[in-house]
$ cat data.cif   # mmCIF, C-alpha atoms
data_model
#
loop_
_atom_site.label_atom_id
_atom_site.label_comp_id
_atom_site.auth_asym_id
_atom_site.auth_seq_id
_atom_site.Cartn_x
_atom_site.Cartn_y
_atom_site.Cartn_z
CA MET A 1 162.33 207.63 107.63
CA LYS A 2 164.37 204.56 108.18
CA ASN A 3 161.85 203.16 110.66
CA ALA A 4 158.92 203.78 108.29
CA ASP A 5 160.60 201.79 105.49
CA LYS A 6 161.28 198.92 107.86
CA TYR A 7 157.62 198.91 108.97
CA THR A 8 156.35 198.87 105.35
CA SER A 9 158.66 196.07 104.27
CA ASP A 10 157.62 193.92 107.26
CA ILE A 11 153.96 194.20 106.26
CA ARG A 12 154.64 193.22 102.65
CA ALA A 13 156.80 190.26 103.64
CA SER A 14 154.19 188.76 105.98
CA GLY A 15 151.18 188.61 103.56
CA PHE A 16 150.26 186.98 100.25
CA THR A 17 150.20 188.81 97.00
CA LEU A 18 147.03 188.96 94.93
CA ILE A 19 148.61 186.72 92.31
CA GLU A 20 149.42 184.04 94.90
CA LEU A 21 145.83 184.10 96.22
CA VAL A 22 144.38 183.83 92.72
CA CYS A 23 146.67 180.88 91.92
CA VAL A 24 145.67 179.05 95.11
CA MET A 25 141.97 179.64 94.38
CA ALA A 26 142.42 178.39 90.80
CA ILE A 27 144.14 175.22 92.03
CA LEU A 28 141.34 174.61 94.57
CA ALA A 29 138.70 175.15 91.88
CA VAL A 30 140.35 172.59 89.59
CA LEU A 31 140.67 170.08 92.42
CA GLY A 32 137.02 170.66 93.39
CA GLY A 33 135.94 170.18 89.79
CA VAL A 34 137.76 166.87 89.62
CA ALA A 35 136.97 165.58 93.13
CA ALA A 36 133.25 166.50 93.37
CA PRO A 37 132.06 164.23 90.53
CA LYS A 38 134.13 161.36 91.92
CA MET A 39 132.49 161.86 95.32
CA PHE A 40 129.00 161.79 93.77
CA ASP A 41 129.93 158.62 91.87
CA ILE A 42 130.98 157.00 95.14
CA VAL A 43 127.71 158.01 96.82
CA ASN A 44 125.64 156.62 93.93
CA LEU A 45 127.70 153.42 93.93
CA ALA A 46 127.04 153.00 97.65
CA ARG A 47 123.31 153.54 97.14
CA GLY A 48 123.27 151.08 94.24
CA THR A 49 125.03 148.52 96.41
CA SER A 50 122.48 149.08 99.16
CA ILE A 51 119.65 148.37 96.70
CA ASP A 52 121.37 145.21 95.45
CA VAL A 53 121.89 143.95 99.00
CA THR A 54 118.26 144.64 99.95
CA GLU A 55 116.99 142.90 96.82
CA GLU A 56 119.16 139.87 97.51
CA ALA A 57 118.03 139.77 101.16
CA PHE A 58 114.40 139.92 100.04
CA LYS A 59 114.99 137.13 97.52
CA LYS A 60 116.54 134.91 100.21
CA ALA A 61 113.74 135.77 102.67
CA VAL A 62 111.15 134.65 100.09
CA ARG A 63 113.00 131.34 99.63
CA ILE A 64 113.28 130.76 103.38
CA ALA A 65 109.57 131.52 103.82
CA GLN A 66 108.72 129.14 100.99
CA LEU A 67 110.80 126.37 102.58
CA ALA A 68 109.08 126.96 105.93
CA CYS A 69 105.72 126.69 104.16
CA PHE A 70 106.69 123.47 102.37
CA THR A 71 108.04 121.78 105.49
CA SER A 72 104.94 122.76 107.48
CA LEU A 73 102.51 121.75 104.72
CA TRP A 74 101.07 125.27 104.90
CA ARG A 75 99.95 125.91 101.27
CA ASN A 76 97.26 128.56 100.86
CA ARG A 77 97.01 129.09 104.62
CA ASP A 78 97.44 132.00 107.02
CA ASN A 79 99.68 132.70 110.00
CA LEU A 80 102.42 130.08 109.79
CA PRO A 81 103.36 129.33 113.42
CA GLY A 82 107.04 129.43 114.21
CA TYR A 83 107.96 131.55 111.20
CA GLY A 84 108.67 135.24 111.83
CA ASN A 85 105.99 136.60 114.12
CA GLY A 86 103.68 133.73 113.18
CA ASN A 87 101.58 135.98 110.96
CA VAL A 88 102.86 135.32 107.42
CA ASP A 89 100.26 134.12 104.92
CA PHE A 90 101.02 131.91 101.89
CA ASN A 91 99.47 131.24 98.51
CA ASN A 92 98.97 127.83 96.87
CA ALA A 93 102.60 127.77 95.63
CA CYS A 94 103.87 128.43 99.18
CA PHE A 95 105.06 131.96 98.36
CA PRO A 96 104.49 134.55 101.10
CA THR A 97 101.71 137.04 100.30
CA ASP A 98 100.66 139.09 103.35
CA THR A 99 100.24 139.12 107.12
CA ASN A 100 96.57 140.04 107.31
CA ASN A 101 94.90 136.73 106.47
CA GLN A 102 95.21 137.35 102.74
CA ASN A 103 96.62 134.75 100.38
CA VAL A 104 96.80 137.16 97.46
CA ILE A 105 98.29 140.60 96.83
CA GLY A 106 95.27 141.65 94.79
CA GLY A 107 96.87 144.89 93.61
CA GLN A 108 97.04 146.22 97.19
CA PRO A 109 100.31 148.06 98.05
CA ALA A 110 99.54 147.77 101.77
CA ARG A 111 99.86 143.98 101.46
CA CYS A 112 103.27 144.37 99.82
CA LEU A 113 104.31 146.68 102.65
CA ARG A 114 103.19 144.24 105.35
CA LEU A 115 104.94 141.38 103.57
CA TRP A 116 108.16 143.44 103.36
CA ASN A 117 108.11 144.09 107.10
CA ALA A 118 107.26 140.47 107.92
CA ILE A 119 110.01 138.68 106.01
CA LEU A 120 112.87 141.24 106.13
CA LEU A 121 114.34 141.65 109.58
CA PRO A 122 115.41 144.37 110.12
CA ALA A 123 113.53 145.91 107.21
CA PRO A 124 114.52 149.23 105.62
CA SER A 125 111.82 151.87 106.05
CA ILE A 126 108.98 151.64 103.56
CA GLN A 127 105.72 153.43 102.78
CA THR A 128 102.85 153.16 100.32
CA GLY A 129 101.85 156.83 99.94
CA GLY A 130 103.63 159.83 98.48
CA ALA A 131 104.54 161.83 101.59
CA GLY A 132 107.09 160.66 104.12
CA ASN A 133 110.77 160.03 104.50
CA ALA A 134 110.98 156.28 103.97
CA THR A 135 113.76 154.68 101.95
CA TYR A 136 111.44 152.50 99.85
CA ARG A 137 107.89 152.74 98.51
CA ALA A 138 105.67 149.73 97.86
CA PHE A 139 103.47 149.42 94.78
CA ALA A 140 101.26 146.55 93.64
CA SER A 141 99.89 145.40 90.35
CA GLY A 142 97.87 142.20 90.35
CA GLU A 143 99.97 139.63 92.18
CA THR A 144 103.26 141.52 91.78
CA CYS A 145 104.86 143.82 94.34
CA ARG A 146 107.25 146.57 93.28
CA TYR A 147 109.67 148.04 95.77
CA ARG A 148 111.12 151.39 94.68
CA TYR A 149 114.24 152.90 96.24
CA LEU A 150 113.56 156.61 96.72
CA ASP A 151 117.05 158.08 97.28
CA ILE A 152 118.17 157.90 93.63
CA THR A 153 116.74 159.67 90.61
CA PRO A 154 115.82 158.11 88.26
CA PHE A 155 114.22 155.66 90.65
CA VAL A 156 115.49 152.10 90.93
CA GLU A 157 113.17 149.28 91.93
CA PHE A 158 112.82 145.54 92.08
CA THR A 159 109.75 143.33 91.82
CA TYR A 160 108.40 140.25 93.55
CA ASP A 161 105.96 138.06 91.66
CA THR A 162 103.98 136.10 94.26
CA GLN A 163 102.83 133.56 91.68
CA THR A 164 106.32 132.51 90.57
CA GLY A 165 108.46 133.68 93.50
CA VAL A 166 110.76 135.56 91.13
CA VAL A 167 112.49 138.61 92.61
CA ASN A 168 114.28 140.86 90.12
#
$ encode --input "data.cif" --output "structure tokens"
Amino acid sequence: MKNADKYTSDIRASGFTLIELVCVMAILAVLGGVAAPKMFDIVNLARGTSIDVTEEAFKKAVRIAQLACFTSLWRNRDNLPGYGNGNVDFNNACFPTDTNNQNVIGGQPARCLRLWNAILLPAPSIQTGGAGNATYRAFASGETCRYRYLDITPFVEFTYDTQTGVVN
């Protein structure tokens, strides 16, 4: 009988009680409830920063393209040699518009997409249609391009007005 008691007490001493396990799980649940929202805030902040950086890069690329157009006297012409791949087209105000011998956007998202890929190097992935796994989607309305970031809901986007050069 003495050996049986020793065996039973050894088992009890080496494990956790139900109360200890419940307390540990409660502590982990509270920590998870506090840490998870903070983690999602950090992820959204990083995505927001990525959008801001891309918008600023696009804005600077438009300005550099405009300067290249001015210095080359390339108003309302196609395929500026020595700039990018030599295929960027410009409107009368020397703002970049396309790469397919078009000096207007004309409400065509494909022109906004081509412009994006021509002046941003390296350019984040972009598409014009609904299906796909790109980071951005291009839209067009008149002479304005809209670039929508797809990894955040509600969507965040910035615009480029090819008549004024304003990116916001």
$ resolve_selection --input "data.cif" --expression "the PyMOL selection byres ((chain A and resi 143) around 9)" --output "PyMOL selection string"
chain A and resi 97+104-108+140-142+144-145+160-163
$ closest_residue --input "data.cif" --among "A:Gly86, A:Arg111, A:Pro124, A:Asn44" --to "Phe155 (chain A)" --atoms "only C-alpha atoms"
A:Asn44
$ residues_near_point --input "data.cif" --point "(117.8, 157.0, 95.7)" --cutoff "10 Å" --atoms "only C-alpha atoms" --output "mmCIF file with C-alpha atoms, in the frame of the given file"
data_model
loop_
_atom_site.group_PDB
_atom_site.id
_atom_site.type_symbol
_atom_site.label_atom_id
_atom_site.label_comp_id
_atom_site.auth_asym_id
_atom_site.auth_seq_id
_atom_site.Cartn_x
_atom_site.Cartn_y
_atom_site.Cartn_z
ATOM 1 C CA ASN A 44 125.640 156.620 93.930
ATOM 2 C CA ARG A 47 123.310 153.540 97.140
ATOM 3 C CA GLY A 48 123.270 151.080 94.240
ATOM 4 C CA SER A 50 122.480 149.080 99.160
ATOM 5 C CA ILE A 51 119.650 148.370 96.700
ATOM 6 C CA THR A 135 113.760 154.680 101.950
ATOM 7 C CA TYR A 136 111.440 152.500 99.850
ATOM 8 C CA ARG A 148 111.120 151.390 94.680
ATOM 9 C CA TYR A 149 114.240 152.900 96.240
ATOM 10 C CA LEU A 150 113.560 156.610 96.720
ATOM 11 C CA ASP A 151 117.050 158.080 97.280
ATOM 12 C CA ILE A 152 118.170 157.900 93.630
ATOM 13 C CA THR A 153 116.740 159.670 90.610
ATOM 14 C CA PRO A 154 115.820 158.110 88.260
ATOM 15 C CA PHE A 155 114.220 155.660 90.650
ATOM 16 C CA VAL A 156 115.490 152.100 90.930
ATOM 17 C CA GLU A 157 113.170 149.280 91.930
#
$ resolve_selection --input "data.cif" --expression "the PyMOL selection byres ((chain A and resi 92) around 7)" --output "ChimeraX atom specification"
/A:75-76,90-91,93-94
$ resolve_selection --input "data.cif" --expression "the PyMOL selection byres ((chain A and resi 88) around 12)" --output "ChimeraX atom specification"
/A:61-62,65-66,68-69,74-87,89-91,94-104,111-112,114-120
$ decode --input "data.cif" --residues "region 18-68 of chain A" --atoms "N, CA and C atoms" --output "JSON list (two decimals), in the first residue's frame"
[["chain", "number", "residue", "atom", "x", "y", "z"],
["A", 18, "LEU", "N", -6.62, 21.53, -13.11],
["A", 18, "LEU", "CA", -7.58, 22.12, -14.03],
["A", 18, "LEU", "C", -7.67, 23.63, -13.82],
["A", 19, "ILE", "N", -7.60, 24.07, -12.60],
["A", 19, "ILE", "CA", -7.65, 25.50, -12.30],
["A", 19, "ILE", "C", -6.44, 26.22, -12.89],
["A", 20, "GLU", "N", -5.27, 25.64, -12.80],
["A", 20, "GLU", "CA", -4.07, 26.26, -13.37],
["A", 20, "GLU", "C", -4.19, 26.38, -14.89],
["A", 21, "LEU", "N", -4.69, 25.33, -15.54],
["A", 21, "LEU", "CA", -4.86, 25.37, -17.00],
["A", 21, "LEU", "C", -5.88, 26.42, -17.41],
["A", 22, "VAL", "N", -6.97, 26.52, -16.70],
["A", 22, "VAL", "CA", -7.99, 27.52, -17.01],
["A", 22, "VAL", "C", -7.43, 28.93, -16.83],
["A", 23, "CYS", "N", -6.65, 29.15, -15.80],
["A", 23, "CYS", "CA", -6.03, 30.47, -15.57],
["A", 23, "CYS", "C", -5.07, 30.84, -16.69],
["A", 24, "VAL", "N", -4.25, 29.89, -17.11],
["A", 24, "VAL", "CA", -3.30, 30.15, -18.20],
["A", 24, "VAL", "C", -4.06, 30.47, -19.49],
["A", 25, "MET", "N", -5.12, 29.71, -19.77],
["A", 25, "MET", "CA", -5.90, 29.97, -20.99],
["A", 25, "MET", "C", -6.59, 31.34, -20.92],
["A", 26, "ALA", "N", -7.05, 31.73, -19.75],
["A", 26, "ALA", "CA", -7.69, 33.04, -19.60],
["A", 26, "ALA", "C", -6.68, 34.16, -19.82],
["A", 27, "ILE", "N", -5.48, 34.00, -19.29],
["A", 27, "ILE", "CA", -4.43, 35.00, -19.49],
["A", 27, "ILE", "C", -4.07, 35.10, -20.98],
["A", 28, "LEU", "N", -3.94, 33.98, -21.66],
["A", 28, "LEU", "CA", -3.62, 33.99, -23.09],
["A", 28, "LEU", "C", -4.74, 34.63, -23.91],
["A", 29, "ALA", "N", -6.00, 34.38, -23.51],
["A", 29, "ALA", "CA", -7.12, 34.99, -24.21],
["A", 29, "ALA", "C", -7.11, 36.51, -24.06],
["A", 30, "VAL", "N", -6.81, 36.99, -22.87],
["A", 30, "VAL", "CA", -6.75, 38.44, -22.64],
["A", 30, "VAL", "C", -5.60, 39.05, -23.44],
["A", 31, "LEU", "N", -4.46, 38.41, -23.42],
["A", 31, "LEU", "CA", -3.32, 38.91, -24.19],
["A", 31, "LEU", "C", -3.63, 38.92, -25.69],
["A", 32, "GLY", "N", -4.27, 37.85, -26.17],
["A", 32, "GLY", "CA", -4.64, 37.78, -27.58],
["A", 32, "GLY", "C", -5.64, 38.86, -27.94],
["A", 33, "GLY", "N", -6.58, 39.15, -27.04],
["A", 33, "GLY", "CA", -7.57, 40.18, -27.30],
["A", 33, "GLY", "C", -6.96, 41.57, -27.34],
["A", 34, "VAL", "N", -5.88, 41.76, -26.62],
["A", 34, "VAL", "CA", -5.21, 43.06, -26.61],
["A", 34, "VAL", "C", -4.21, 43.16, -27.76],
["A", 35, "ALA", "N", -3.47, 42.07, -28.03],
["A", 35, "ALA", "CA", -2.40, 42.11, -29.03],
["A", 35, "ALA", "C", -2.92, 42.05, -30.46],
["A", 36, "ALA", "N", -3.98, 41.29, -30.72],
["A", 36, "ALA", "CA", -4.46, 41.11, -32.10],
["A", 36, "ALA", "C", -4.87, 42.44, -32.74],
["A", 37, "PRO", "N", -5.67, 43.27, -32.08],
["A", 37, "PRO", "CA", -6.01, 44.56, -32.72],
["A", 37, "PRO", "C", -4.79, 45.43, -32.98],
["A", 38, "LYS", "N", -3.83, 45.40, -32.08],
["A", 38, "LYS", "CA", -2.60, 46.19, -32.29],
["A", 38, "LYS", "C", -1.86, 45.69, -33.53],
["A", 39, "MET", "N", -1.84, 44.36, -33.73],
["A", 39, "MET", "CA", -1.16, 43.81, -34.87],
["A", 39, "MET", "C", -1.86, 44.24, -36.17],
["A", 40, "PHE", "N", -3.19, 44.22, -36.18],
["A", 40, "PHE", "CA", -3.93, 44.65, -37.36],
["A", 40, "PHE", "C", -3.72, 46.13, -37.62],
["A", 41, "ASP", "N", -3.62, 46.94, -36.57],
["A", 41, "ASP", "CA", -3.33, 48.36, -36.74],
["A", 41, "ASP", "C", -1.97, 48.56, -37.39],
["A", 42, "ILE", "N", -0.99, 47.77, -36.99],
["A", 42, "ILE", "CA", 0.35, 47.87, -37.55],
["A", 42, "ILE", "C", 0.34, 47.48, -39.02],
["A", 43, "VAL", "N", -0.39, 46.43, -39.37],
["A", 43, "VAL", "CA", -0.49, 45.99, -40.76],
["A", 43, "VAL", "C", -1.15, 47.07, -41.61],
["A", 44, "ASN", "N", -2.24, 47.65, -41.13],
["A", 44, "ASN", "CA", -2.92, 48.71, -41.88],
["A", 44, "ASN", "C", -2.05, 49.96, -42.00],
["A", 45, "LEU", "N", -1.29, 50.27, -40.96],
["A", 45, "LEU", "CA", -0.38, 51.41, -41.01],
["A", 45, "LEU", "C", 0.69, 51.17, -42.08],
["A", 46, "ALA", "N", 1.21, 49.96, -42.14],
["A", 46, "ALA", "CA", 2.23, 49.63, -43.15],
["A", 46, "ALA", "C", 1.64, 49.75, -44.55],
["A", 47, "ARG", "N", 0.43, 49.25, -44.74],
["A", 47, "ARG", "CA", -0.20, 49.36, -46.06],
["A", 47, "ARG", "C", -0.46, 50.82, -46.42],
["A", 48, "GLY", "N", -0.92, 51.60, -45.46],
["A", 48, "GLY", "CA", -1.14, 53.03, -45.70],
["A", 48, "GLY", "C", 0.14, 53.74, -46.08],
["A", 49, "THR", "N", 1.23, 53.38, -45.42],
["A", 49, "THR", "CA", 2.52, 53.97, -45.74],
["A", 49, "THR", "C", 2.96, 53.58, -47.15],
["A", 50, "SER", "N", 2.70, 52.34, -47.52],
["A", 50, "SER", "CA", 3.04, 51.87, -48.87],
["A", 50, "SER", "C", 2.29, 52.69, -49.93],
["A", 51, "ILE", "N", 1.02, 52.96, -49.68],
["A", 51, "ILE", "CA", 0.22, 53.77, -50.61],
["A", 51, "ILE", "C", 0.80, 55.17, -50.71],
["A", 52, "ASP", "N", 1.12, 55.77, -49.56],
["A", 52, "ASP", "CA", 1.67, 57.12, -49.56],
["A", 52, "ASP", "C", 2.99, 57.19, -50.32],
["A", 53, "VAL", "N", 3.83, 56.19, -50.14],
["A", 53, "VAL", "CA", 5.12, 56.17, -50.83],
["A", 53, "VAL", "C", 4.92, 56.01, -52.33],
["A", 54, "THR", "N", 4.00, 55.15, -52.74],
["A", 54, "THR", "CA", 3.73, 54.96, -54.17],
["A", 54, "THR", "C", 3.17, 56.23, -54.79],
["A", 55, "GLU", "N", 2.25, 56.88, -54.08],
["A", 55, "GLU", "CA", 1.68, 58.13, -54.59],
["A", 55, "GLU", "C", 2.76, 59.19, -54.76],
["A", 56, "GLU", "N", 3.63, 59.30, -53.77],
["A", 56, "GLU", "CA", 4.70, 60.29, -53.84],
["A", 56, "GLU", "C", 5.67, 59.96, -54.98],
["A", 57, "ALA", "N", 5.99, 58.68, -55.16],
["A", 57, "ALA", "CA", 6.87, 58.28, -56.26],
["A", 57, "ALA", "C", 6.23, 58.60, -57.61],
["A", 58, "PHE", "N", 4.92, 58.37, -57.72],
["A", 58, "PHE", "CA", 4.23, 58.68, -58.97],
["A", 58, "PHE", "C", 4.25, 60.19, -59.23],
["A", 59, "LYS", "N", 4.02, 60.96, -58.18],
["A", 59, "LYS", "CA", 4.03, 62.43, -58.31],
["A", 59, "LYS", "C", 5.40, 62.91, -58.80],
["A", 60, "LYS", "N", 6.46, 62.38, -58.22],
["A", 60, "LYS", "CA", 7.81, 62.77, -58.63],
["A", 60, "LYS", "C", 8.12, 62.31, -60.06],
["A", 61, "ALA", "N", 7.63, 61.12, -60.42],
["A", 61, "ALA", "CA", 7.84, 60.60, -61.77],
["A", 61, "ALA", "C", 7.16, 61.48, -62.81],
["A", 62, "VAL", "N", 5.96, 61.98, -62.48],
["A", 62, "VAL", "CA", 5.26, 62.90, -63.38],
["A", 62, "VAL", "C", 6.08, 64.18, -63.57],
["A", 63, "ARG", "N", 6.63, 64.70, -62.48],
["A", 63, "ARG", "CA", 7.42, 65.94, -62.56],
["A", 63, "ARG", "C", 8.70, 65.73, -63.37],
["A", 64, "ILE", "N", 9.35, 64.60, -63.16],
["A", 64, "ILE", "CA", 10.57, 64.31, -63.91],
["A", 64, "ILE", "C", 10.25, 64.17, -65.40],
["A", 65, "ALA", "N", 9.15, 63.48, -65.71],
["A", 65, "ALA", "CA", 8.74, 63.33, -67.11],
["A", 65, "ALA", "C", 8.44, 64.69, -67.72],
["A", 66, "GLN", "N", 7.75, 65.53, -66.97],
["A", 66, "GLN", "CA", 7.42, 66.86, -67.48],
["A", 66, "GLN", "C", 8.70, 67.67, -67.76],
["A", 67, "LEU", "N", 9.65, 67.59, -66.85],
["A", 67, "LEU", "CA", 10.93, 68.30, -67.07],
["A", 67, "LEU", "C", 11.65, 67.78, -68.31],
["A", 68, "ALA", "N", 11.63, 66.46, -68.50],
["A", 68, "ALA", "CA", 12.26, 65.87, -69.69],
["A", 68, "ALA", "C", 11.56, 66.37, -70.95]]
